[in-house]
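Enquirer: For reference, this is protein-v7.pdb, and it has PDB, C-alpha atoms.
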```pdb
ATOM      1  CA  MET A   1     -81.850 -23.511  21.739
ATOM      2  CA  ALA A   2     -85.525 -24.511  21.651
ATOM      3  CA  ASP A   3     -84.610 -27.613  19.624
ATOM      4  CA  VAL A   4     -81.955 -28.583  22.182
ATOM      5  CA  ALA A   5     -84.442 -28.062  25.008
ATOM      6  CA  ALA A   6     -87.013 -30.300  23.284
ATOM      7  CA  VAL A   7     -84.525 -33.121  22.676
ATOM      8  CA  ALA A   8     -83.127 -32.930  26.217
ATOM      9  CA  GLY A   9     -86.556 -32.616  27.811
ATOM     10  CA  VAL A  10     -85.721 -29.389  29.642
ATOM     11  CA  SER A  11     -86.618 -25.710  29.401
ATOM     12  CA  SER A  12     -84.801 -23.238  27.151
ATOM     13  CA  GLN A  13     -83.722 -21.460  30.340
ATOM     14  CA  THR A  14     -81.928 -24.628  31.472
ATOM     15  CA  VAL A  15     -80.150 -24.840  28.113
ATOM     16  CA  SER A  16     -79.099 -21.212  28.556
ATOM     17  CA  ARG A  17     -77.685 -21.997  31.972
ATOM     18  CA  VAL A  18     -75.647 -24.882  30.543
ATOM     19  CA  VAL A  19     -74.335 -22.694  27.691
ATOM     20  CA  ASN A  20     -73.301 -20.013  30.178
ATOM     21  CA  ASP A  21     -71.723 -22.581  32.541
ATOM     22  CA  SER A  22     -74.052 -21.744  35.406
ATOM     23  CA  PRO A  23     -73.564 -23.798  38.590
ATOM     24  CA  ARG A  24     -77.371 -23.997  38.948
ATOM     25  CA  VAL A  25     -77.635 -27.157  36.819
ATOM     26  CA  ASP A  26     -77.283 -30.643  38.255
ATOM     27  CA  PRO A  27     -74.665 -32.889  36.566
ATOM     28  CA  ALA A  28     -77.174 -35.363  35.069
ATOM     29  CA  THR A  29     -79.215 -32.584  33.441
ATOM     30  CA  ARG A  30     -76.068 -30.863  32.199
ATOM     31  CA  ALA A  31     -74.866 -34.115  30.596
ATOM     32  CA  ARG A  32     -78.260 -34.605  28.903
ATOM     33  CA  VAL A  33     -78.270 -31.054  27.519
ATOM     34  CA  GLU A  34     -74.666 -31.320  26.306
ATOM     35  CA  ALA A  35     -75.465 -34.611  24.580
ATOM     36  CA  ALA A  36     -78.431 -32.970  22.821
ATOM     37  CA  MET A  37     -76.219 -30.045  21.769
ATOM     38  CA  GLU A  38     -73.694 -32.485  20.324
ATOM     39  CA  ASP A  39     -76.352 -34.508  18.479
ATOM     40  CA  LEU A  40     -77.923 -31.400  16.960
ATOM     41  CA  GLY A  41     -74.646 -29.643  16.186
ATOM     42  CA  TYR A  42     -75.665 -26.656  18.337
ATOM     43  CA  ARG A  43     -73.164 -23.816  18.560
ATOM     44  CA  MET A  44     -73.552 -20.653  20.601
ATOM     45  CA  HIS A  45     -74.198 -17.518  18.500
ATOM     46  CA  ARG A  46     -71.396 -15.297  19.792
ATOM     47  CA  ALA A  47     -72.691 -12.111  18.190
ATOM     48  CA  ALA A  48     -76.108 -12.511  19.787
ATOM     49  CA  ARG A  49     -74.546 -13.332  23.135
ATOM     50  CA  ALA A  50     -72.314 -10.249  22.905
ATOM     51  CA  LEU A  51     -75.355  -8.032  22.314
ATOM     52  CA  ARG A  52     -77.066  -9.521  25.339
ATOM     53  CA  THR A  53     -74.116  -9.570  27.764
ATOM     54  CA  GLY A  54     -71.891  -6.757  26.473
ATOM     55  CA  ARG A  55     -69.003  -9.263  26.308
ATOM     56  CA  THR A  56     -67.345 -10.705  23.201
ATOM     57  CA  ASP A  57     -65.161 -13.279  24.976
ATOM     58  CA  THR A  58     -62.265 -11.965  22.910
ATOM     59  CA  ILE A  59     -58.909 -10.789  24.244
ATOM     60  CA  GLY A  60     -56.479  -8.587  22.347
ATOM     61  CA  LEU A  61     -52.709  -8.995  22.323
ATOM     62  CA  ILE A  62     -50.325  -6.193  21.345
ATOM     63  CA  VAL A  63     -46.768  -7.351  20.619
ATOM     64  CA  SER A  64     -43.902  -5.604  18.838
ATOM     65  CA  THR A  65     -42.761  -8.708  16.939
ATOM     66  CA  LEU A  66     -43.354 -12.443  16.823
ATOM     67  CA  ALA A  67     -39.909 -13.125  15.364
ATOM     68  CA  SER A  68     -38.221 -13.517  18.756
ATOM     69  CA  VAL A  69     -38.406 -16.909  20.449
ATOM     70  CA  GLY A  70     -39.578 -15.440  23.755
ATOM     71  CA  ASN A  71     -42.483 -13.572  22.163
ATOM     72  CA  SER A  72     -43.592 -16.567  20.114
ATOM     73  CA  ARG A  73     -43.447 -18.776  23.231
ATOM     74  CA  MET A  74     -45.553 -16.219  25.114
ATOM     75  CA  LEU A  75     -48.077 -16.068  22.261
ATOM     76  CA  GLN A  76     -48.551 -19.835  22.466
ATOM     77  CA  ALA A  77     -48.875 -19.712  26.258
ATOM     78  CA  LEU A  78     -51.426 -16.875  26.114
ATOM     79  CA  ALA A  79     -53.443 -18.562  23.356
ATOM     80  CA  ASP A  80     -53.583 -21.821  25.342
ATOM     81  CA  ALA A  81     -54.571 -20.054  28.569
ATOM     82  CA  ALA A  82     -57.218 -17.942  26.815
ATOM     83  CA  ALA A  83     -58.725 -20.972  25.070
ATOM     84  CA  ALA A  84     -58.907 -22.851  28.371
ATOM     85  CA  ARG A  85     -61.123 -20.037  29.696
ATOM     86  CA  GLY A  86     -63.273 -19.817  26.574
ATOM     87  CA  PHE A  87     -61.674 -16.676  25.114
ATOM     88  CA  ALA A  88     -60.502 -16.087  21.561
ATOM     89  CA  LEU A  89     -57.276 -14.153  20.970
ATOM     90  CA  THR A  90     -56.800 -11.283  18.501
ATOM     91  CA  VAL A  91     -53.150 -10.401  17.799
ATOM     92  CA  VAL A  92     -51.878  -6.968  16.768
ATOM     93  CA  THR A  93     -48.183  -6.479  15.928
ATOM     94  CA  ALA A  94     -46.979  -2.935  16.547
ATOM     95  CA  ALA A  95     -43.351  -1.939  16.046
ATOM     96  CA  GLY A  96     -43.681   1.752  16.966
ATOM     97  CA  ARG A  97     -45.552   4.084  19.287
ATOM     98  CA  GLU A  98     -48.036   5.172  16.600
ATOM     99  CA  ALA A  99     -48.636   1.540  15.685
ATOM    100  CA  VAL A 100     -49.444   0.738  19.326
ATOM    101  CA  ALA A 101     -51.970   3.609  19.418
ATOM    102  CA  GLU A 102     -53.507   2.270  16.207
ATOM    103  CA  GLY A 103     -53.537  -1.202  17.768
ATOM    104  CA  PHE A 104     -55.530   0.114  20.726
ATOM    105  CA  ALA A 105     -58.007   1.664  18.295
ATOM    106  CA  ARG A 106     -58.338  -1.580  16.316
ATOM    107  CA  LEU A 107     -58.940  -3.621  19.438
ATOM    108  CA  ARG A 108     -61.512  -1.118  20.705
ATOM    109  CA  ASP A 109     -63.339  -1.251  17.347
ATOM    110  CA  GLN A 110     -63.375  -5.050  17.531
ATOM    111  CA  GLY A 111     -64.981  -4.868  20.965
ATOM    112  CA  VAL A 112     -62.419  -6.944  22.853
ATOM    113  CA  ASP A 113     -63.106  -7.438  26.550
ATOM    114  CA  GLY A 114     -59.487  -6.709  27.496
ATOM    115  CA  ALA A 115     -55.930  -6.753  26.212
ATOM    116  CA  VAL A 116     -52.441  -7.993  27.047
ATOM    117  CA  ILE A 117     -49.358  -5.976  26.059
ATOM    118  CA  LEU A 118     -46.233  -8.068  25.713
ATOM    119  CA  ASN A 119     -42.560  -7.397  26.412
ATOM    120  CA  GLU A 120     -40.995  -4.699  24.188
ATOM    121  CA  ALA A 121     -44.404  -3.266  23.235
ATOM    122  CA  THR A 122     -44.971  -2.256  26.866
ATOM    123  CA  ALA A 123     -42.378   0.537  26.627
ATOM    124  CA  LEU A 124     -44.141   1.904  23.546
ATOM    125  CA  ALA A 125     -47.538   1.813  25.271
ATOM    126  CA  ARG A 126     -46.634   3.343  28.633
ATOM    127  CA  GLY A 127     -47.112   6.974  27.615
ATOM    128  CA  LEU A 128     -50.373   6.361  25.747
ATOM    129  CA  ASP A 129     -53.881   6.796  27.090
ATOM    130  CA  VAL A 130     -55.604   3.465  27.637
ATOM    131  CA  PRO A 131     -59.041   3.390  25.958
ATOM    132  CA  GLU A 132     -61.719   3.899  28.589
ATOM    133  CA  GLY A 133     -63.200   0.662  29.858
ATOM    134  CA  LEU A 134     -60.444  -1.548  28.400
ATOM    135  CA  ALA A 135     -59.087  -3.995  30.977
ATOM    136  CA  LEU A 136     -55.334  -4.233  30.530
ATOM    137  CA  VAL A 137     -52.473  -6.488  31.650
ATOM    138  CA  VAL A 138     -48.837  -5.883  30.719
ATOM    139  CA  VAL A 139     -46.225  -8.632  30.698
ATOM    140  CA  ASP A 140     -42.719  -7.550  31.707
ATOM    141  CA  ALA A 141     -43.017  -3.859  32.532
ATOM    142  CA  PRO A 142     -42.725  -1.723  35.654
ATOM    143  CA  ALA A 143     -45.859  -0.825  37.587
ATOM    144  CA  ASP A 144     -48.077   2.011  36.332
ATOM    145  CA  ASP A 145     -46.448   5.309  37.288
ATOM    146  CA  ARG A 146     -49.152   7.566  35.812
ATOM    147  CA  ALA A 147     -52.078   6.437  37.907
ATOM    148  CA  ALA A 148     -53.288   8.934  40.507
ATOM    149  CA  GLY A 149     -55.727   6.384  41.910
ATOM    150  CA  ALA A 150     -56.319   2.858  40.672
ATOM    151  CA  PRO A 151     -53.599   1.642  38.277
ATOM    152  CA  ARG A 152     -54.477   1.591  34.593
ATOM    153  CA  PHE A 153     -53.083  -1.916  34.268
ATOM    154  CA  VAL A 154     -51.738  -4.819  36.280
ATOM    155  CA  THR A 155     -48.284  -6.320  35.701
ATOM    156  CA  VAL A 156     -47.164  -9.917  35.258
ATOM    157  CA  GLN A 157     -43.398 -10.401  35.308
ATOM    158  CA  THR A 158     -40.548 -12.829  35.461
ATOM    159  CA  ASP A 159     -38.041 -11.833  38.145
ATOM    160  CA  HIS A 160     -35.341 -11.211  35.551
ATOM    161  CA  ALA A 161     -32.954  -9.526  38.008
ATOM    162  CA  ALA A 162     -33.081 -12.500  40.381
ATOM    163  CA  GLY A 163     -32.414 -14.858  37.473
ATOM    164  CA  ALA A 164     -29.459 -12.774  36.307
ATOM    165  CA  ARG A 165     -28.023 -12.775  39.820
ATOM    166  CA  ALA A 166     -28.327 -16.571  39.939
ATOM    167  CA  ALA A 167     -26.553 -16.875  36.570
ATOM    168  CA  THR A 168     -23.746 -14.534  37.642
ATOM    169  CA  ARG A 169     -23.414 -16.264  41.000
ATOM    170  CA  ARG A 170     -23.097 -19.632  39.263
ATOM    171  CA  LEU A 171     -20.321 -18.337  37.006
ATOM    172  CA  LEU A 172     -18.448 -16.689  39.891
ATOM    173  CA  ALA A 173     -18.679 -19.927  41.894
ATOM    174  CA  LEU A 174     -16.704 -21.647  39.133
ATOM    175  CA  GLY A 175     -13.733 -19.455  40.055
ATOM    176  CA  ARG A 176     -13.691 -17.475  36.804
ATOM    177  CA  GLY A 177     -12.729 -14.167  38.421
ATOM    178  CA  THR A 178     -15.356 -12.002  36.734
ATOM    179  CA  VAL A 179     -18.365 -12.327  34.448
ATOM    180  CA  HIS A 180     -18.965 -10.481  31.182
ATOM    181  CA  HIS A 181     -22.466  -9.791  29.903
ATOM    182  CA  LEU A 182     -24.016 -10.033  26.453
ATOM    183  CA  ALA A 183     -27.066  -7.807  27.016
ATOM    184  CA  GLY A 184     -30.363  -7.517  25.176
ATOM    185  CA  PRO A 185     -31.625  -4.400  23.357
ATOM    186  CA  SER A 186     -31.634  -1.144  25.290
ATOM    187  CA  GLY A 187     -35.401  -0.587  24.945
ATOM    188  CA  SER A 188     -36.333  -3.862  26.627
ATOM    189  CA  PHE A 189     -37.478  -4.014  30.262
ATOM    190  CA  ALA A 190     -36.383  -7.655  30.506
ATOM    191  CA  ALA A 191     -32.927  -6.836  29.154
ATOM    192  CA  ALA A 192     -32.556  -3.922  31.567
ATOM    193  CA  GLU A 193     -33.567  -6.080  34.537
ATOM    194  CA  ARG A 194     -31.144  -8.841  33.562
ATOM    195  CA  GLU A 195     -28.355  -6.293  33.254
ATOM    196  CA  ARG A 196     -29.311  -4.869  36.660
ATOM    197  CA  GLY A 197     -29.142  -8.300  38.300
ATOM    198  CA  TRP A 198     -25.728  -8.990  36.728
ATOM    199  CA  ARG A 199     -24.368  -5.690  38.046
ATOM    200  CA  GLN A 200     -25.838  -6.252  41.515
ATOM    201  CA  GLU A 201     -24.265  -9.692  41.883
ATOM    202  CA  LEU A 202     -20.846  -8.454  40.762
ATOM    203  CA  GLU A 203     -21.096  -5.539  43.192
ATOM    204  CA  ALA A 204     -22.049  -7.916  46.004
ATOM    205  CA  ALA A 205     -18.868  -9.877  45.197
ATOM    206  CA  GLY A 206     -16.784  -6.692  45.305
ATOM    207  CA  LEU A 207     -16.162  -6.688  41.550
ATOM    208  CA  ALA A 208     -16.483  -3.904  38.998
ATOM    209  CA  ALA A 209     -18.727  -4.737  36.050
ATOM    210  CA  PRO A 210     -16.792  -5.157  32.782
ATOM    211  CA  GLU A 211     -18.006  -3.205  29.754
ATOM    212  CA  LEU A 212     -20.945  -5.088  28.306
ATOM    213  CA  VAL A 213     -21.726  -5.875  24.680
ATOM    214  CA  ARG A 214     -25.270  -5.657  23.372
ATOM    215  CA  GLY A 215     -27.341  -7.697  20.934
ATOM    216  CA  ASP A 216     -30.951  -7.747  19.717
ATOM    217  CA  TRP A 217     -32.030 -11.212  20.995
ATOM    218  CA  THR A 218     -31.000 -12.992  17.762
ATOM    219  CA  ALA A 219     -28.283 -15.615  17.372
ATOM    220  CA  ALA A 220     -26.651 -13.468  14.672
ATOM    221  CA  SER A 221     -26.314 -10.532  17.075
ATOM    222  CA  GLY A 222     -24.881 -12.871  19.713
ATOM    223  CA  PHE A 223     -22.276 -14.070  17.231
ATOM    224  CA  ALA A 224     -21.305 -10.491  16.313
ATOM    225  CA  ALA A 225     -21.177  -9.310  19.922
ATOM    226  CA  ALA A 226     -19.151 -12.278  21.166
ATOM    227  CA  SER A 227     -16.766 -11.890  18.232
ATOM    228  CA  ALA A 228     -15.976  -8.400  19.514
ATOM    229  CA  LEU A 229     -14.972  -9.659  22.969
ATOM    230  CA  GLY A 230     -11.321 -10.200  23.736
ATOM    231  CA  ASP A 231      -9.801 -13.611  24.350
ATOM    232  CA  GLY A 232      -9.412 -12.862  28.059
ATOM    233  CA  VAL A 233     -13.122 -13.292  28.823
ATOM    234  CA  PRO A 234     -13.424 -16.174  31.344
ATOM    235  CA  ALA A 235     -17.221 -16.270  31.761
ATOM    236  CA  LEU A 236     -20.155 -14.917  29.766
ATOM    237  CA  PHE A 237     -23.759 -14.384  30.860
ATOM    238  CA  CYS A 238     -25.988 -14.026  27.789
ATOM    239  CA  ALA A 239     -29.345 -12.285  28.160
ATOM    240  CA  ASN A 240     -31.134 -15.006  26.184
ATOM    241  CA  ASP A 241     -30.454 -18.450  24.754
ATOM    242  CA  GLN A 242     -30.551 -17.359  21.110
ATOM    243  CA  MET A 243     -27.701 -14.907  21.637
ATOM    244  CA  ALA A 244     -25.881 -17.586  23.637
ATOM    245  CA  LEU A 245     -26.120 -19.864  20.585
ATOM    246  CA  GLY A 246     -24.403 -17.228  18.447
ATOM    247  CA  ALA A 247     -21.816 -16.658  21.158
ATOM    248  CA  LEU A 248     -20.992 -20.377  21.301
ATOM    249  CA  ARG A 249     -20.301 -20.365  17.542
ATOM    250  CA  ALA A 250     -18.128 -17.250  17.799
ATOM    251  CA  LEU A 251     -16.100 -18.792  20.627
ATOM    252  CA  ALA A 252     -15.689 -22.066  18.714
ATOM    253  CA  ASP A 253     -14.529 -20.201  15.609
ATOM    254  CA  ARG A 254     -11.756 -18.630  17.701
ATOM    255  CA  GLY A 255     -10.724 -21.955  19.198
ATOM    256  CA  ARG A 256     -12.018 -21.160  22.688
ATOM    257  CA  ARG A 257     -13.482 -24.185  24.460
ATOM    258  CA  VAL A 258     -16.694 -24.079  26.506
ATOM    259  CA  PRO A 259     -16.642 -24.504  29.456
ATOM    260  CA  GLU A 260     -12.873 -25.112  29.772
ATOM    261  CA  ASP A 261     -11.810 -21.655  28.536
ATOM    262  CA  VAL A 262     -15.097 -19.748  28.781
ATOM    263  CA  ALA A 263     -18.134 -20.678  30.874
ATOM    264  CA  VAL A 264     -21.458 -19.587  29.317
ATOM    265  CA  VAL A 265     -24.951 -19.177  30.788
ATOM    266  CA  GLY A 266     -28.088 -18.169  28.874
ATOM    267  CA  PHE A 267     -31.617 -17.164  29.819
ATOM    268  CA  ASP A 268     -35.055 -18.624  28.876
ATOM    269  CA  ASP A 269     -34.345 -22.382  28.522
ATOM    270  CA  ILE A 270     -35.816 -22.583  25.032
ATOM    271  CA  ALA A 271     -36.686 -26.010  23.647
ATOM    272  CA  ASP A 272     -33.308 -26.485  21.912
ATOM    273  CA  ALA A 273     -31.065 -25.289  24.753
ATOM    274  CA  ALA A 274     -30.303 -28.831  25.919
ATOM    275  CA  ASP A 275     -29.135 -29.697  22.380
ATOM    276  CA  TYR A 276     -26.602 -26.886  22.006
ATOM    277  CA  ARG A 277     -22.943 -27.920  21.883
ATOM    278  CA  PRO A 278     -22.267 -28.032  24.732
ATOM    279  CA  PRO A 279     -25.747 -28.235  26.324
ATOM    280  CA  LEU A 280     -26.517 -24.786  27.705
ATOM    281  CA  THR A 281     -26.744 -23.841  31.360
ATOM    282  CA  THR A 282     -29.582 -21.328  31.502
ATOM    283  CA  LEU A 283     -32.427 -19.764  33.467
ATOM    284  CA  ARG A 284     -35.774 -21.404  32.787
ATOM    285  CA  GLN A 285     -38.642 -18.959  32.320
ATOM    286  CA  ASP A 286     -42.094 -20.379  33.053
ATOM    287  CA  PHE A 287     -43.757 -19.168  29.849
ATOM    288  CA  ASP A 288     -46.863 -21.275  30.463
ATOM    289  CA  GLY A 289     -47.142 -19.894  33.994
ATOM    290  CA  LEU A 290     -46.765 -16.338  32.690
ATOM    291  CA  GLY A 291     -49.506 -16.952  30.122
ATOM    292  CA  ARG A 292     -51.886 -18.416  32.707
ATOM    293  CA  ALA A 293     -51.179 -15.583  35.159
ATOM    294  CA  ALA A 294     -51.687 -12.908  32.500
ATOM    295  CA  ILE A 295     -55.024 -14.324  31.347
ATOM    296  CA  ALA A 296     -56.228 -14.947  34.919
ATOM    297  CA  SER A 297     -55.323 -11.376  35.889
ATOM    298  CA  LEU A 298     -57.030  -9.983  32.803
ATOM    299  CA  VAL A 299     -60.229 -11.948  33.375
ATOM    300  CA  ALA A 300     -60.288 -10.708  36.968
ATOM    301  CA  ARG A 301     -59.976  -7.100  35.750
ATOM    302  CA  ILE A 302     -62.714  -7.659  33.164
ATOM    303  CA  GLU A 303     -64.995  -8.893  35.930
ATOM    304  CA  GLY A 304     -64.065  -6.017  38.225
ATOM    305  CA  ASP A 305     -62.210  -8.089  40.811
ATOM    306  CA  PRO A 306     -59.089  -6.853  42.627
ATOM    307  CA  VAL A 307     -55.831  -8.049  41.076
ATOM    308  CA  ALA A 308     -52.314  -8.049  42.527
ATOM    309  CA  PRO A 309     -49.104  -7.927  40.448
ATOM    310  CA  VAL A 310     -47.549 -11.317  39.659
ATOM    311  CA  LEU A 311     -43.807 -12.045  39.872
ATOM    312  CA  LEU A 312     -42.484 -15.480  38.850
ATOM    313  CA  ARG A 313     -38.938 -16.533  39.706
ATOM    314  CA  PRO A 314     -36.928 -18.356  37.007
ATOM    315  CA  GLU A 315     -35.099 -21.615  37.731
ATOM    316  CA  LEU A 316     -31.379 -22.174  37.123
ATOM    317  CA  VAL A 317     -30.892 -25.263  34.935
ATOM    318  CA  ILE A 318     -27.292 -26.488  35.101
ATOM    319  CA  ARG A 319     -25.892 -28.252  32.054
ATOM    320  CA  ALA A 320     -22.436 -28.623  30.508
ATOM    321  CA  SER A 321     -21.661 -25.020  29.461
ATOM    322  CA  ALA A 322     -21.113 -23.737  33.013
TER     323      ALA A 322
END
```
Can you dump the structure from the file as structure tokens?

Expert:
Amino acid sequence: MADVAAVAGVSSQTVSRVVNDSPRVDPATRARVEAAMEDLGYRMHRAARALRTGRTDTIGLIVSTLASVGNSRMLQALADAAAARGFALTVVTAAGREAVAEGFARLRDQGVDGAVILNEATALARGLDVPEGLALVVVDAPADDRAAGAPRFVTVQTDHAAGARAATRRLLALGRGTVHHLAGPSGSFAAAERERGWRQELEAAGLAAPELVRGDWTAASGFAAASALGDGVPALFCANDQMALGALRALADRGRRVPEDVAVVGFDDIADAADYRPPLTTLRQDFDGLGRAAIASLVARIEGDPVAPVLLRPELVIRASA
């Protein structure tokens, strides 16, 4: 830092202000200091800074699996949003309740400033004690129901029920009579909310909900579930695009045309959805927006600022399948 100060012709305190992004540096001086840092190859010593500030600029992520498309998309969104704010991301995969508790312990030992819990892992974490002083954001979970005072965490969600209602409404508007549902796994908050929205829209239309079939988010489970449906199904709302892909193959194998015989809608709008055969009508989740909101909420909690829950509404993208 002293070398940078000498080259830039400023004090070490001014260099410190530039490193810590203080607004108390005029633009010309900041540019001179940054140029000196670049010329000298200066890099901030994170360990020393952590000792001085009590912050590591590291965020933990607890996720049950990275095999699902939605979770991997969220990981990318969170990593991008964290990097934009100068935070590194430490990922812990935890498939069971004990593993989540161990994940908390690992993150605490690594001195993270806060943590995000993602999707299915939120159900595993809800009954656990949050380590004292750990700022926490959960993505896709109900609000904290154990807090007597201030909530232990803040929530960031997609409005899955509203998206499911829009999907069901679209299928009913095509005159298909009723809508069947290929649901996600029973332990998932997102799957439960999508099922709830499907049921609500059918009830609003005066229709009884047909018996649903359930998958595990994979295309293979969508193929198996759709294969078990009878040939009288006129419309199918799939809880994600991967299961919709499997359902499309199962329908094609049985000679059922989409959308002529069966209209199909998915959820997520993954990158390949427009290239399905036929291109898939689906609900677009704003994964990047969820990532930015989760990191912004977590940083606010780390800094002790008030934070409100975030709810993002998905967008219906109409293509050829419905």

Enquirer: Give as a ChimeraX atom specification the residues that the PyMOL selection byres ((chain A and resi 136-140) around 9) matches when applied to the coordinates above.

Expert: /A:114-120,122,130,134-135,141-142,152-158,188-190,290-291,294-295,297-298,301-302

Enquirer: Apply the PyMOL selection byres ((chain A and resi 269) around 12) to the file shown and report the selected residues as a PDB file with C-alpha atoms, in the coordinates of the input.

Expert:
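Output file selection05.pdb follows:
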```pdb
ATOM      1  CA  VAL A  69     -38.406 -16.909  20.449  1.00  0.00           C
ATOM      2  CA  GLY A  70     -39.578 -15.440  23.755  1.00  0.00           C
ATOM      3  CA  ARG A  73     -43.447 -18.776  23.231  1.00  0.00           C
ATOM      4  CA  GLY A 163     -32.414 -14.858  37.473  1.00  0.00           C
ATOM      5  CA  CYS A 238     -25.988 -14.026  27.789  1.00  0.00           C
ATOM      6  CA  ALA A 239     -29.345 -12.285  28.160  1.00  0.00           C
ATOM      7  CA  ASN A 240     -31.134 -15.006  26.184  1.00  0.00           C
ATOM      8  CA  ASP A 241     -30.454 -18.450  24.754  1.00  0.00           C
ATOM      9  CA  GLN A 242     -30.551 -17.359  21.110  1.00  0.00           C
ATOM     10  CA  ALA A 244     -25.881 -17.586  23.637  1.00  0.00           C
ATOM     11  CA  LEU A 245     -26.120 -19.864  20.585  1.00  0.00           C
ATOM     12  CA  VAL A 265     -24.951 -19.177  30.788  1.00  0.00           C
ATOM     13  CA  GLY A 266     -28.088 -18.169  28.874  1.00  0.00           C
ATOM     14  CA  PHE A 267     -31.617 -17.164  29.819  1.00  0.00           C
ATOM     15  CA  ASP A 268     -35.055 -18.624  28.876  1.00  0.00           C
ATOM     16  CA  ILE A 270     -35.816 -22.583  25.032  1.00  0.00           C
ATOM     17  CA  ALA A 271     -36.686 -26.010  23.647  1.00  0.00           C
ATOM     18  CA  ASP A 272     -33.308 -26.485  21.912  1.00  0.00           C
ATOM     19  CA  ALA A 273     -31.065 -25.289  24.753  1.00  0.00           C
ATOM     20  CA  ALA A 274     -30.303 -28.831  25.919  1.00  0.00           C
ATOM     21  CA  ASP A 275     -29.135 -29.697  22.380  1.00  0.00           C
ATOM     22  CA  TYR A 276     -26.602 -26.886  22.006  1.00  0.00           C
ATOM     23  CA  PRO A 279     -25.747 -28.235  26.324  1.00  0.00           C
ATOM     24  CA  LEU A 280     -26.517 -24.786  27.705  1.00  0.00           C
ATOM     25  CA  THR A 281     -26.744 -23.841  31.360  1.00  0.00           C
ATOM     26  CA  THR A 282     -29.582 -21.328  31.502  1.00  0.00           C
ATOM     27  CA  LEU A 283     -32.427 -19.764  33.467  1.00  0.00           C
ATOM     28  CA  ARG A 284     -35.774 -21.404  32.787  1.00  0.00           C
ATOM     29  CA  GLN A 285     -38.642 -18.959  32.320  1.00  0.00           C
ATOM     30  CA  ASP A 286     -42.094 -20.379  33.053  1.00  0.00           C
ATOM     31  CA  PHE A 287     -43.757 -19.168  29.849  1.00  0.00           C
ATOM     32  CA  PRO A 314     -36.928 -18.356  37.007  1.00  0.00           C
ATOM     33  CA  GLU A 315     -35.099 -21.615  37.731  1.00  0.00           C
ATOM     34  CA  LEU A 316     -31.379 -22.174  37.123  1.00  0.00           C
ATOM     35  CA  VAL A 317     -30.892 -25.263  34.935  1.00  0.00           C
ATOM     36  CA  ILE A 318     -27.292 -26.488  35.101  1.00  0.00           C
ATOM     37  CA  ARG A 319     -25.892 -28.252  32.054  1.00  0.00           C
TER      38      ARG A 319
END
```

Enquirer: At a cut-off of 12 Å, using all atoms listed in the file, what residues contact A:Glu38? Leave out same-chain residues fewer than 6 positions from it and give the result as a PyMOL selection string.

Expert: chain A and resi 3-4+7-8+31-32+44

Enquirer: Between atom CA of A:Arg199 and atom CA of A:Gly232, what is the spacing in Å?

Expert: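 Separating atom CA of A:Gly232 from atom CA of A:Arg199 is a distance of 19.4 Å.
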
Enquirer: Starting from the shown file, work through the PyMOL selection byres ((chain A and resi 312) around 6) and note down what comes out as a VMD selection string.

Expert: chain A and resid 158 to 159 311 313

Enquirer: Could those residues be written to a file, using C-alpha atoms, as a PDB file, in the frame of the given file?

Expert:
```
ATOM      1  CA  THR A 158     -40.548 -12.829  35.461  1.00  0.00           C
ATOM      2  CA  ASP A 159     -38.041 -11.833  38.145  1.00  0.00           C
ATOM      3  CA  LEU A 311     -43.807 -12.045  39.872  1.00  0.00           C
ATOM      4  CA  ARG A 313     -38.938 -16.533  39.706  1.00  0.00           C
TER       5      ARG A 313
END
```

Enquirer: Put the listed atoms of stretch 8-22 of chain A in a box along x, y and z with 3 Å added on every side and give me the centre and edge lengths in Å to one decimal, as lines of an AutoDock Vina configuration file.

Expert:
```
center_x = -79.2
center_y = -26.5
center_z = 30.8
size_x = 20.9
size_y = 18.9
size_z = 15.2
```
